[in-house]
Amino acid sequence: MRRLVHIATVPDSLVFLRGQAAYMRSRGIETTVITSPGPALDAFAASEGVEAFAVPMQRAITPRADAVALARLVRLLRRIRPDLVHSHTPKGGLLGTTAAFLARVPSRIYHMRGLRFAASPAGPQRQLLTAAERTSCTLATQVLCVSHSLRDVALSERLCAPAKIRAIGSGSGQGVDATGRFNPDAQPRELRAQVRAEHGVPENARVLGFVGRIVRDKGVAELVAAWRRLRLAHPDLHLLVVGPFEPEDPIDPADRALLAADERVHLVGFRRDTERFYAAMDLVALPTYREGFPNVPLEAAAMRLPVVATKIPGCVDAVADGRTGTLVPARDASALHDAIERYLDDLSLARAHAEAGRARVLAEFRREAIWEGIAGVYAAEVGRTRTSG
């Protein structure tokens with residue numbers, strides 16, 4: 001049995017790994033996870049049946065705390081002696097690949113899920129973030145990208161050698177459970193009306209949905225600007241927002257006040273059971289500025305909803321423009337408004353894109369296909385170390 005260690009900065013990132021442990025165990029790989037401490041780490045270990053260790057790590061750049069975390073990771077990896085270390089997220093990738101290199105772990109995989117510097121202006125911070133990504137790629141023996149467009153950006157920024165970096169299948173880090181959790185045909189018939197009633201949405205209203213962190217990077221300013229116009233033209237339209245306000249990268253206070261005060265805006269906060277809320281929506285908007293591969297468009301498509309997103313790396317892989325949804329320029333509230341209104345005015349188009357979206361998810365983004373691809377990478381890495389050893 002081979003020993004695999006996943007390293008991520010925060011335990012919430014373990015959502016990317018749900019279901020993988022049992023699959024990998026069937027392939028002869030036993031999984032251990034390391035993240036910062038938190039209830040989500042304990043819950044994941046219990047639900048997935050894996051060994052878990054807590055090492056405090058900061059998402060921000062904190063040299064002293066980072067040095068302490070790195071030393072702890074190195075000691076822990078020397079004790080575990082894994083065959084493979086698979087590191088996730090920018091900070092987890094840097095600490096994980098560095099610790100694995102220092103602990104002489106033969107196979108070191110960095111999973112590039114997004115590039116924080118992509119939305120940063122030129123300057124010292126961007127240079128520092130770029131250097132961190134380049135270090136993770138250099139110390140890794142294999143780099144996985146969640147999307148082909150993200151790989152293109154990584155190559156254009158010269159972060160990694162082309163032969164070392166790849167995306168699995170059509171992309172995404174985990175795929176979507178479109179036959180189970182995100183299957184609209186398996187939902188109770190009364191769920192749509194029930195969720196609407198719970199949150200004060202009229203049963204006969206049309207609902208625009210947003211799922212994600214309520215921060216600037218997610219394009220909330222453009223969403224609010226588009227909403228101001230949409231609510232006037234469509235009196236039956238409501239906005240259902242699923243996600244938390246976050247202190248890092250906060251939205252404009254005036255936009256937050258508008259969302260909180262509007263009786264046709266429904267803020268439900270952070271929820272893990274997002275499939276219930278998709279069931280209450282008619283279409284989904286994600287006007288984000290920066291992504292690796294966003295899960296929301298795939299989940300929405302699996303739930304048979306058309307999607308409006310931005311024409312940026314990651315989103316261009318998740319949404320087939322003009323077939324499963326509509327892509328608009330980032331930071332363009334007018335284009336966002338027009339794309340949403342087109343679906344509101346043309347129900348046949350909305351239905352066609354919704355059906356095509358679900359069909360595409362089933363064909364290209366099954367979880368098992370992603371897991372199989374990752375298991376293939378593990379097998380190749382183990383084979384490489386055997387040969388070189």
# chains A, B, ... in the order shown; residues from 1 in each chain; ligands from 1
>>> residues_around(residues="Val195 (chain A)", least_positions_apart="2", cutoff="10 Å", atoms="only C-alpha atoms", output="number ranges by chain")
A: 190-193, 197-201, 203, 276-281
>>> residues_around(residues="region 147-159 of chain A", least_positions_apart="2", cutoff="7 Å", atoms="only C-alpha atoms", output="list in words")
Glu133, Arg134, Cys137, Cys145, Pro162, Arg166, Ala167, Gly171, Ser172, Gly292, Phe293, Pro313, Gly314 and Asp317 of chain A
>>> write_last_selection(atoms="N, CA and C atoms", output="PDB file, in the first residue's frame")
ATOM      1  N   GLU A 133       4.923  30.941  -6.682  1.00  0.00           N
ATOM      2  CA  GLU A 133       4.396  29.941  -7.613  1.00  0.00           C
ATOM      3  C   GLU A 133       5.527  29.247  -8.361  1.00  0.00           C
ATOM      4  N   ARG A 134       6.503  30.027  -8.778  1.00  0.00           N
ATOM      5  CA  ARG A 134       7.615  29.445  -9.529  1.00  0.00           C
ATOM      6  C   ARG A 134       8.399  28.460  -8.657  1.00  0.00           C
ATOM      7  N   CYS A 137       6.434  25.179  -8.376  1.00  0.00           N
ATOM      8  CA  CYS A 137       6.551  24.413  -9.621  1.00  0.00           C
ATOM      9  C   CYS A 137       7.936  23.789  -9.769  1.00  0.00           C
ATOM     10  N   CYS A 145      -2.865  21.224 -13.198  1.00  0.00           N
ATOM     11  CA  CYS A 145      -3.673  22.442 -13.297  1.00  0.00           C
ATOM     12  C   CYS A 145      -5.141  22.046 -13.334  1.00  0.00           C
ATOM     13  N   PRO A 162       7.004  23.166 -19.711  1.00  0.00           N
ATOM     14  CA  PRO A 162       5.805  22.593 -20.340  1.00  0.00           C
ATOM     15  C   PRO A 162       5.625  21.099 -20.100  1.00  0.00           C
ATOM     16  N   ARG A 166       0.271  19.757 -16.465  1.00  0.00           N
ATOM     17  CA  ARG A 166      -0.827  19.229 -17.260  1.00  0.00           C
ATOM     18  C   ARG A 166      -2.153  19.427 -16.540  1.00  0.00           C
ATOM     19  N   ALA A 167      -3.253  19.331 -17.305  1.00  0.00           N
ATOM     20  CA  ALA A 167      -4.598  19.330 -16.756  1.00  0.00           C
ATOM     21  C   ALA A 167      -5.199  17.947 -16.992  1.00  0.00           C
ATOM     22  N   GLY A 171     -10.624  19.329 -17.449  1.00  0.00           N
ATOM     23  CA  GLY A 171     -10.335  20.252 -16.373  1.00  0.00           C
ATOM     24  C   GLY A 171     -11.230  20.037 -15.171  1.00  0.00           C
ATOM     25  N   SER A 172     -11.043  20.861 -14.162  1.00  0.00           N
ATOM     26  CA  SER A 172     -11.680  20.871 -12.836  1.00  0.00           C
ATOM     27  C   SER A 172     -10.835  20.054 -11.874  1.00  0.00           C
ATOM     28  N   GLY A 292      -9.263  29.617 -11.048  1.00  0.00           N
ATOM     29  CA  GLY A 292      -8.475  28.525 -11.612  1.00  0.00           C
ATOM     30  C   GLY A 292      -9.387  27.667 -12.459  1.00  0.00           C
ATOM     31  N   PHE A 293     -10.405  27.139 -11.791  1.00  0.00           N
ATOM     32  CA  PHE A 293     -11.535  26.485 -12.446  1.00  0.00           C
ATOM     33  C   PHE A 293     -12.686  26.583 -11.456  1.00  0.00           C
ATOM     34  N   PRO A 313      -9.528  33.055 -17.656  1.00  0.00           N
ATOM     35  CA  PRO A 313      -9.047  31.686 -17.467  1.00  0.00           C
ATOM     36  C   PRO A 313      -9.866  30.972 -16.404  1.00  0.00           C
ATOM     37  N   GLY A 314     -10.157  29.720 -16.644  1.00  0.00           N
ATOM     38  CA  GLY A 314     -10.976  28.938 -15.723  1.00  0.00           C
ATOM     39  C   GLY A 314     -12.422  28.942 -16.136  1.00  0.00           C
ATOM     40  N   ASP A 317     -13.198  27.411 -19.486  1.00  0.00           N
ATOM     41  CA  ASP A 317     -13.236  25.952 -19.504  1.00  0.00           C
ATOM     42  C   ASP A 317     -14.558  25.445 -18.928  1.00  0.00           C
TER      43      ASP A 317
END
>>> residues_around(residues="Arg342 (chain A)", least_positions_apart="6", cutoff="12 Å", atoms="only C-alpha atoms", output="MDAnalysis selection string")
chainID A and resid 230 283 306:308 322 325:326 335:336 348:350
>>> write_last_selection(atoms="N, CA and C atoms", output="short mmCIF file (atom, residue, chain, number, x, y, z; two decimals), in the first residue's frame")
data_model
loop_
_atom_site.label_atom_id
_atom_site.label_comp_id
_atom_site.auth_asym_id
_atom_site.auth_seq_id
_atom_site.Cartn_x
_atom_site.Cartn_y
_atom_site.Cartn_z
N LEU A 230 -31.75 45.56 -13.41
CA LEU A 230 -32.61 44.40 -13.62
C LEU A 230 -33.86 44.46 -12.74
N LEU A 283 -31.44 31.00 -12.97
CA LEU A 283 -30.16 31.16 -13.66
C LEU A 283 -29.13 31.62 -12.65
N PRO A 306 -28.83 27.78 -16.74
CA PRO A 306 -27.90 28.53 -17.58
C PRO A 306 -27.01 29.41 -16.72
N VAL A 307 -25.82 29.70 -17.20
CA VAL A 307 -24.82 30.43 -16.40
C VAL A 307 -24.29 31.63 -17.19
N VAL A 308 -24.18 32.77 -16.50
CA VAL A 308 -23.47 33.93 -17.03
C VAL A 308 -22.20 34.08 -16.21
N GLY A 322 -22.15 30.42 -25.41
CA GLY A 322 -23.16 30.30 -26.45
C GLY A 322 -23.80 28.93 -26.54
N GLY A 325 -23.96 28.48 -21.62
CA GLY A 325 -24.05 29.73 -20.88
C GLY A 325 -23.50 30.86 -21.72
N THR A 326 -23.27 32.00 -21.08
CA THR A 326 -22.77 33.19 -21.77
C THR A 326 -21.58 33.75 -21.00
N ALA A 335 -22.41 44.61 -19.78
CA ALA A 335 -22.44 43.33 -20.49
C ALA A 335 -23.05 42.24 -19.62
N LEU A 336 -22.77 42.29 -18.33
CA LEU A 336 -23.37 41.32 -17.41
C LEU A 336 -24.89 41.47 -17.39
N SER A 348 -36.71 30.05 -24.06
CA SER A 348 -36.28 28.90 -24.87
C SER A 348 -34.76 28.82 -24.92
N LEU A 349 -34.10 29.96 -25.00
CA LEU A 349 -32.63 29.99 -24.96
C LEU A 349 -32.13 29.50 -23.60
N ALA A 350 -32.76 29.98 -22.54
CA ALA A 350 -32.37 29.57 -21.20
C ALA A 350 -32.50 28.05 -21.04
#
>>> residues_around(residues="Arg231 (chain A)", least_positions_apart="6", cutoff="10 Å", atoms="only C-alpha atoms", output="ChimeraX atom specification")
/A:237-239,264-265
>>> residues_around(residues="region 22-34 of chain A", least_positions_apart="5", cutoff="10 Å", atoms="only C-alpha atoms", output="tab-separated table (two decimals) with N, CA and C atoms, in the first residue's frame")
chain	number	residue	atom	x	y	z
A	1	MET	N	0.85	-1.19	0.00
A	1	MET	CA	0.00	0.00	0.00
A	1	MET	C	0.89	1.25	0.00
A	2	ARG	N	0.69	2.13	-0.98
A	2	ARG	CA	1.45	3.37	-1.06
A	2	ARG	C	0.85	4.41	-0.12
A	3	ARG	N	1.69	5.31	0.37
A	3	ARG	CA	1.25	6.33	1.33
A	3	ARG	C	1.22	7.69	0.64
A	4	LEU	N	0.07	8.32	0.64
A	4	LEU	CA	-0.14	9.64	0.03
A	4	LEU	C	-0.48	10.64	1.12
A	5	VAL	N	0.15	11.82	1.07
A	5	VAL	CA	-0.17	12.90	2.00
A	5	VAL	C	-0.64	14.11	1.21
A	6	HIS	N	-1.84	14.59	1.54
A	6	HIS	CA	-2.35	15.84	0.99
A	6	HIS	C	-2.04	16.97	1.98
A	7	ILE	N	-1.56	18.11	1.46
A	7	ILE	CA	-1.30	19.29	2.30
A	7	ILE	C	-2.05	20.48	1.72
A	8	ALA	N	-2.85	21.12	2.57
A	8	ALA	CA	-3.56	22.35	2.20
A	8	ALA	C	-3.49	23.31	3.37
A	9	THR	N	-3.59	24.59	3.09
A	9	THR	CA	-3.44	25.57	4.16
A	9	THR	C	-4.59	25.50	5.15
A	10	VAL	N	-5.82	25.52	4.65
A	10	VAL	CA	-6.99	25.55	5.54
A	10	VAL	C	-7.84	24.30	5.30
A	11	PRO	N	-8.51	23.80	6.35
A	11	PRO	CA	-9.29	22.56	6.19
A	11	PRO	C	-10.46	22.68	5.24
A	14	LEU	N	-10.35	20.98	1.86
A	14	LEU	CA	-10.52	19.55	1.72
A	14	LEU	C	-11.78	19.18	0.97
A	17	LEU	N	-11.40	17.21	-2.07
A	17	LEU	CA	-10.96	15.81	-2.00
A	17	LEU	C	-12.06	14.85	-1.57
A	41	LEU	N	-11.38	19.88	9.51
A	41	LEU	CA	-10.35	18.84	9.39
A	41	LEU	C	-10.81	17.57	10.10
A	44	PHE	N	-13.69	15.96	8.15
A	44	PHE	CA	-13.23	15.29	6.93
A	44	PHE	C	-12.57	13.96	7.27
A	45	ALA	N	-11.72	13.93	8.30
A	45	ALA	CA	-11.05	12.70	8.69
A	45	ALA	C	-12.05	11.62	9.08
A	48	GLU	N	-14.22	10.56	5.81
A	48	GLU	CA	-13.47	9.90	4.75
A	48	GLU	C	-12.63	8.73	5.25
A	49	GLY	N	-12.55	8.58	6.58
A	49	GLY	CA	-11.78	7.48	7.14
A	49	GLY	C	-10.29	7.60	6.90
A	50	VAL	N	-9.75	8.80	7.08
A	50	VAL	CA	-8.32	9.02	6.84
A	50	VAL	C	-7.64	9.55	8.10
A	51	GLU	N	-6.34	9.40	8.14
A	51	GLU	CA	-5.54	9.97	9.21
A	51	GLU	C	-5.34	11.46	8.93
A	52	ALA	N	-5.42	12.28	9.97
A	52	ALA	CA	-5.29	13.73	9.79
A	52	ALA	C	-4.35	14.32	10.83
A	53	PHE	N	-3.58	15.31	10.41
A	53	PHE	CA	-2.70	16.04	11.31
A	53	PHE	C	-2.93	17.53	11.13
A	54	ALA	N	-2.88	18.26	12.23
A	54	ALA	CA	-3.08	19.71	12.20
A	54	ALA	C	-1.74	20.43	12.36
A	55	VAL	N	-1.43	21.29	11.42
A	55	VAL	CA	-0.25	22.15	11.48
A	55	VAL	C	-0.71	23.57	11.17
A	56	PRO	N	-0.63	24.49	12.11
A	56	PRO	CA	-1.09	25.87	11.84
A	56	PRO	C	-0.35	26.48	10.66
A	73	LEU	N	6.14	20.80	9.27
A	73	LEU	CA	5.79	19.93	8.16
A	73	LEU	C	6.92	18.97	7.82
A	76	LEU	N	7.07	16.24	10.40
A	76	LEU	CA	5.93	15.34	10.27
A	76	LEU	C	6.10	14.42	9.06
A	77	LEU	N	6.56	14.97	7.94
A	77	LEU	CA	6.74	14.14	6.74
A	77	LEU	C	7.87	13.12	6.95
A	80	ILE	N	6.14	10.35	8.85
A	80	ILE	CA	5.17	9.59	8.07
A	80	ILE	C	5.85	8.79	6.96
A	82	PRO	N	5.99	9.36	3.50
A	82	PRO	CA	5.06	9.06	2.39
A	82	PRO	C	5.81	8.79	1.09
A	83	ASP	N	5.11	8.13	0.18
A	83	ASP	CA	5.63	7.94	-1.17
A	83	ASP	C	5.33	9.15	-2.04
A	84	LEU	N	4.18	9.81	-1.76
A	84	LEU	CA	3.77	10.98	-2.54
A	84	LEU	C	3.24	12.06	-1.61
A	85	VAL	N	3.55	13.31	-1.93
A	85	VAL	CA	2.94	14.46	-1.28
A	85	VAL	C	2.23	15.27	-2.35
A	86	HIS	N	0.95	15.55	-2.13
A	86	HIS	CA	0.12	16.29	-3.07
A	86	HIS	C	-0.32	17.57	-2.37
A	87	SER	N	0.21	18.72	-2.81
A	87	SER	CA	-0.04	20.00	-2.15
A	87	SER	C	-1.01	20.86	-2.96
A	92	GLY	N	-0.38	26.54	0.49
A	92	GLY	CA	-0.18	25.13	0.78
A	92	GLY	C	0.77	24.48	-0.20
A	96	GLY	N	4.03	22.95	1.17
A	96	GLY	CA	4.00	21.51	0.98
A	96	GLY	C	5.12	20.99	0.10
A	368	GLU	N	-15.54	10.63	-11.08
A	368	GLU	CA	-14.74	9.41	-11.25
A	368	GLU	C	-13.70	9.54	-12.35
A	371	TRP	N	-10.85	11.52	-10.80
A	371	TRP	CA	-10.11	10.66	-9.87
A	371	TRP	C	-9.23	9.67	-10.62
A	372	GLU	N	-9.76	9.10	-11.68
A	372	GLU	CA	-8.99	8.14	-12.47
A	372	GLU	C	-7.75	8.81	-13.06
A	374	ILE	N	-6.15	11.44	-11.83
A	374	ILE	CA	-5.19	11.72	-10.75
A	374	ILE	C	-4.49	10.43	-10.31
A	375	ALA	N	-5.25	9.34	-10.22
A	375	ALA	CA	-4.64	8.05	-9.86
A	375	ALA	C	-3.60	7.65	-10.90
A	376	GLY	N	-3.86	7.98	-12.16
A	376	GLY	CA	-2.88	7.70	-13.20
A	376	GLY	C	-1.60	8.49	-13.01
A	378	TYR	N	-0.47	9.51	-10.07
A	378	TYR	CA	0.21	8.87	-8.94
A	378	TYR	C	0.98	7.64	-9.40
A	379	ALA	N	0.33	6.81	-10.22
A	379	ALA	CA	0.99	5.59	-10.69
A	379	ALA	C	2.23	5.92	-11.51
>>> closest_residue(among="A:Glu246, A:Glu275, A:Asp177, A:Glu291", to="Gly114 (chain A)", atoms="only C-alpha atoms")
A:Glu291
